[in-house]
Amino acid sequence: MEYGASDVLYGPDYVEVRRSFNNASGGDITIREVGLVACYRDADAGADKRALIARSLFTVTIPDGGSATLYYRIQG
């Protein structure tokens with residue numbers, strides 16, 4: 001699996017993260033889970049922290065030579 005760059009789009013009431021995946025493995029690859037991790041600076045601890053802010057379970061199979069783009073949109 002080849003992972004593409006993450007793209008972040010902003011609107012007046014949303015943020016959307018997109019990432020593409022290309023399968024050049026020689027066989028099918030099944031994605032069953034994805035997550036969105038936010039990185040932030042904890043000033044008190046003086047360190048970067050990470051938090052899982054979204055997680056999805058599903059099944060999508062990418063055939064050899066195929067690709068998929070996954071989107072997360074957080075809207076308020």
# chains A, B, ... in the order shown; residues from 1 in each chain; ligands from 1
>>> select_by_dssp(residues="segment 12-60 of chain A", states="strand (DSSP E)", output="PyMOL selection string")
chain A and resi 14-22+29-42+47-60
>>> write_last_selection(atoms="N, CA and C atoms", output="short mmCIF file (atom, residue, chain, number, x, y, z; two decimals), in the first residue's frame")
data_model
loop_
_atom_site.label_atom_id
_atom_site.label_comp_id
_atom_site.auth_asym_id
_atom_site.auth_seq_id
_atom_site.Cartn_x
_atom_site.Cartn_y
_atom_site.Cartn_z
N TYR A 14 -16.46 23.81 8.94
CA TYR A 14 -15.98 22.43 8.85
C TYR A 14 -14.48 22.38 8.60
N VAL A 15 -13.91 21.23 8.86
CA VAL A 15 -12.56 20.89 8.44
C VAL A 15 -12.66 19.50 7.82
N GLU A 16 -11.99 19.31 6.70
CA GLU A 16 -12.04 18.02 6.01
C GLU A 16 -10.62 17.55 5.73
N VAL A 17 -10.36 16.29 6.03
CA VAL A 17 -9.05 15.68 5.80
C VAL A 17 -9.23 14.59 4.77
N ARG A 18 -8.36 14.59 3.74
CA ARG A 18 -8.42 13.59 2.68
C ARG A 18 -7.06 12.91 2.55
N ARG A 19 -7.11 11.61 2.28
CA ARG A 19 -5.86 10.88 2.05
C ARG A 19 -6.12 9.77 1.03
N SER A 20 -5.20 9.65 0.09
CA SER A 20 -5.32 8.62 -0.95
C SER A 20 -4.41 7.44 -0.65
N PHE A 21 -4.84 6.28 -1.11
CA PHE A 21 -4.08 5.05 -0.94
C PHE A 21 -4.04 4.34 -2.29
N ASN A 22 -2.86 3.91 -2.70
CA ASN A 22 -2.69 3.17 -3.95
C ASN A 22 -2.18 1.78 -3.65
N ILE A 29 -6.05 -5.62 -1.21
CA ILE A 29 -5.84 -5.20 0.17
C ILE A 29 -7.18 -4.71 0.71
N THR A 30 -7.55 -5.17 1.90
CA THR A 30 -8.80 -4.76 2.52
C THR A 30 -8.50 -3.82 3.69
N ILE A 31 -9.14 -2.65 3.64
CA ILE A 31 -9.05 -1.68 4.74
C ILE A 31 -10.28 -1.89 5.61
N ARG A 32 -10.09 -2.07 6.90
CA ARG A 32 -11.20 -2.32 7.82
C ARG A 32 -11.38 -1.22 8.87
N GLU A 33 -10.38 -0.37 9.02
CA GLU A 33 -10.45 0.64 10.08
C GLU A 33 -9.59 1.83 9.68
N VAL A 34 -10.08 3.02 9.93
CA VAL A 34 -9.30 4.25 9.76
C VAL A 34 -9.53 5.15 10.95
N GLY A 35 -8.60 6.04 11.19
CA GLY A 35 -8.74 6.98 12.30
C GLY A 35 -8.13 8.32 11.95
N LEU A 36 -8.53 9.32 12.68
CA LEU A 36 -8.01 10.67 12.52
C LEU A 36 -7.37 11.08 13.84
N VAL A 37 -6.08 11.41 13.79
CA VAL A 37 -5.32 11.75 14.98
C VAL A 37 -4.95 13.23 14.93
N ALA A 38 -5.22 13.94 16.01
CA ALA A 38 -4.84 15.35 16.13
C ALA A 38 -3.57 15.43 16.97
N CYS A 39 -2.66 16.30 16.56
CA CYS A 39 -1.43 16.53 17.30
C CYS A 39 -1.49 17.95 17.87
N TYR A 40 -1.16 18.08 19.13
CA TYR A 40 -1.20 19.39 19.77
C TYR A 40 -0.03 19.52 20.74
N ARG A 41 0.27 20.73 21.09
CA ARG A 41 1.38 21.01 22.01
C ARG A 41 0.84 21.19 23.42
N ASP A 42 1.32 20.39 24.36
CA ASP A 42 0.97 20.51 25.77
C ASP A 42 2.01 21.42 26.41
N ALA A 47 5.63 19.10 25.67
CA ALA A 47 5.75 18.01 24.71
C ALA A 47 4.56 18.01 23.76
N ASP A 48 4.78 17.41 22.59
CA ASP A 48 3.68 17.20 21.66
C ASP A 48 2.85 16.01 22.13
N LYS A 49 1.56 16.13 21.99
CA LYS A 49 0.63 15.07 22.37
C LYS A 49 -0.22 14.71 21.17
N ARG A 50 -0.76 13.51 21.17
CA ARG A 50 -1.65 13.06 20.10
C ARG A 50 -2.93 12.51 20.71
N ALA A 51 -4.02 12.74 20.00
CA ALA A 51 -5.32 12.24 20.46
C ALA A 51 -6.10 11.73 19.26
N LEU A 52 -6.68 10.54 19.39
CA LEU A 52 -7.56 9.99 18.37
C LEU A 52 -8.90 10.72 18.48
N ILE A 53 -9.28 11.47 17.43
CA ILE A 53 -10.52 12.25 17.50
C ILE A 53 -11.64 11.66 16.66
N ALA A 54 -11.32 10.69 15.81
CA ALA A 54 -12.37 10.02 15.02
C ALA A 54 -11.86 8.64 14.62
N ARG A 55 -12.76 7.69 14.59
CA ARG A 55 -12.42 6.31 14.21
C ARG A 55 -13.61 5.71 13.50
N SER A 56 -13.34 5.03 12.40
CA SER A 56 -14.42 4.39 11.64
C SER A 56 -14.04 2.95 11.32
N LEU A 57 -15.01 2.07 11.47
CA LEU A 57 -14.86 0.67 11.10
C LEU A 57 -15.73 0.41 9.88
N PHE A 58 -15.14 -0.16 8.87
CA PHE A 58 -15.87 -0.50 7.64
C PHE A 58 -15.00 -1.46 6.86
N THR A 59 -15.48 -1.92 5.73
CA THR A 59 -14.69 -2.80 4.88
C THR A 59 -14.70 -2.27 3.46
N VAL A 60 -13.53 -1.98 2.94
CA VAL A 60 -13.38 -1.60 1.53
C VAL A 60 -12.15 -2.33 1.01
#
>>> closest_residue(among="A:Ile62, A:Ala45, A:Gly26, A:Thr69", to="Gly4 of chain A", atoms="only C-alpha atoms")
A:Thr69
>>> atom_distance(atom1="atom CA of Gly66 of chain A", atom2="atom CA of Val8 of chain A")
22.8 Å
>>> closest_residue(among="A:Gly46, A:Asp28, A:Met1, A:Ser6", to="Leu70 of chain A", atoms="only C-alpha atoms")
A:Ser6
>>> atom_distance(atom1="atom CA of Ala5 of chain A", atom2="atom CA of Ile74 of chain A")
19.0 Å
>>> atom_distance(atom1="atom CA of Asp64 of chain A", atom2="atom CA of Gly27 of chain A")
4.9 Å
